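Each remark here refers to the structure printed beneath this line.
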Amino acid sequence: PEGKKFPWRPPPLNDLIGDVFVNQDGAEVKRSESFKDKVLGIYFSAHWCGPCKAFTPKLAESYKKLKDQGKDFEILFASSDRDESSFKEYFGTMPWLAFPFEDDRISDLASRFGFRGI
C-alpha cells in the first residue's frame, strides 16, 4: 500500500447522490442545476412497509403544497423494494424522482446516514 487514500475521508454527499435518477415512466432524468441550493430529502421506503405506505400519501400531499408555495426543496425516493414491479407500482404513487431500482447509491447513502432498515 502506498497510502494514497490515507487518511480516508468519506466522499462528499453530492458524489454519493450522483447525477442520474428516474421518473415514474422509468426514463432517466439528469440532475440539473435546479437541485443546486435546494434542501434535499431522501425518502427511504418500500411498498411492503405498512407504515411507509400510510405515510407516503401524506408526504406527497405536503410535497405538492410546498412546491405550489415555491419552496426550494426536492425529495428522492430510495427504495428498499425486493422486486422491480413492486418498486414501479409504489413509486408510481409519488410525485418526485427516485434512484433507479437496486441502485448502489441507495446502500451507500444508507451507510452514510446510519440507516439500517425500515
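Ordering of the C-alpha cells sets the chain letters (A, B, ...), residue numbers begin anew at 1 in every chain, and ligands are numbered from 1 in the order given.
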
task: Find the residues near A:Gly50: any atom within 12 Å, counting only C-alpha atoms, skip ones fewer than 5 places away on the same chain, and give them as a list of chain:residue names.
output: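 My reading of the contact set: A:Ser45, A:Phe55, A:Thr56, A:Tyr90, A:Ile118.
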
Could you please take those selected residues and save C-alpha atoms as a JSON list (two decimals), in the first residue's frame?
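In the end it all went to out.json:
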[["chain", "number", "residue", "atom", "x", "y", "z"],
["A", 45, "SER", "CA", -39.16, 3.41, 1.91],
["A", 55, "PHE", "CA", -47.13, 7.90, 5.31],
["A", 56, "THR", "CA", -46.34, 8.26, 1.58],
["A", 90, "TYR", "CA", -45.13, 2.05, -5.31],
["A", 118, "ILE", "CA", -37.35, 0.43, 7.52]]

- request: List the neighbours of stretch 26-43 of chain A out to 10 Å using only C-alpha atoms; skip same-chain residues closer than 3 positions along the sequence, and give me the result as a ChimeraX atom specification.
  value: /A:17-23,46,52,56,59,71-79,88,91-92,97-101,106,109-110

If you keep C-alpha atoms, can you produce a file of those selected residues as a PDB file, in the first residue's frame?
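File produced: result.pdb:
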ATOM      1  CA  ILE A  17     -26.207  11.254  -4.595  1.00  0.00           C
ATOM      2  CA  GLY A  18     -24.951  11.290  -8.172  1.00  0.00           C
ATOM      3  CA  ASP A  19     -26.451  12.799 -11.298  1.00  0.00           C
ATOM      4  CA  VAL A  20     -28.985  10.363 -12.793  1.00  0.00           C
ATOM      5  CA  PHE A  21     -32.410   9.477 -11.424  1.00  0.00           C
ATOM      6  CA  VAL A  22     -35.638   8.062 -12.848  1.00  0.00           C
ATOM      7  CA  ASN A  23     -39.139   9.422 -13.167  1.00  0.00           C
ATOM      8  CA  ALA A  46     -40.648   0.255   0.362  1.00  0.00           C
ATOM      9  CA  CYS A  52     -44.402   3.710   4.939  1.00  0.00           C
ATOM     10  CA  THR A  56     -46.335   8.259   1.580  1.00  0.00           C
ATOM     11  CA  LEU A  59     -45.745  13.205   2.331  1.00  0.00           C
ATOM     12  CA  LYS A  71     -40.395  26.223  -1.556  1.00  0.00           C
ATOM     13  CA  ASP A  72     -36.866  25.229  -2.625  1.00  0.00           C
ATOM     14  CA  PHE A  73     -36.647  21.543  -1.855  1.00  0.00           C
ATOM     15  CA  GLU A  74     -36.732  18.145  -3.531  1.00  0.00           C
ATOM     16  CA  ILE A  75     -37.262  14.558  -2.448  1.00  0.00           C
ATOM     17  CA  LEU A  76     -35.549  11.478  -3.886  1.00  0.00           C
ATOM     18  CA  PHE A  77     -37.052   8.033  -3.318  1.00  0.00           C
ATOM     19  CA  ALA A  78     -34.539   5.404  -2.181  1.00  0.00           C
ATOM     20  CA  SER A  79     -36.348   2.099  -2.485  1.00  0.00           C
ATOM     21  CA  LYS A  88     -42.552   0.638 -10.026  1.00  0.00           C
ATOM     22  CA  PHE A  91     -43.012   4.725  -6.976  1.00  0.00           C
ATOM     23  CA  GLY A  92     -45.935   5.445  -9.311  1.00  0.00           C
ATOM     24  CA  LEU A  97     -37.794  11.409  -8.666  1.00  0.00           C
ATOM     25  CA  ALA A  98     -36.126   8.201  -7.499  1.00  0.00           C
ATOM     26  CA  PHE A  99     -32.859   6.371  -7.585  1.00  0.00           C
ATOM     27  CA  PRO A 100     -33.167   3.512 -10.102  1.00  0.00           C
ATOM     28  CA  PHE A 101     -34.214   0.140  -8.672  1.00  0.00           C
ATOM     29  CA  ILE A 106     -29.021   3.662  -2.023  1.00  0.00           C
ATOM     30  CA  LEU A 109     -26.361   6.638   1.356  1.00  0.00           C
ATOM     31  CA  ALA A 110     -27.924   4.310   3.906  1.00  0.00           C
TER      32      ALA A 110
END

task: Per DSSP on the backbone, filter chain A down to the residues in alpha helix (DSSP H) and report them as a PyMOL selection string.
output: chain A and resi 13-17+50-68+84-91+104-113

task: Between A:Asp68, A:Asp108, A:Asp81, A:Glu61, single out the one closest to A:Thr93, counting only C-alpha atoms.
output: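 The answer is A:Glu61, which sits nearest to A:Thr93.
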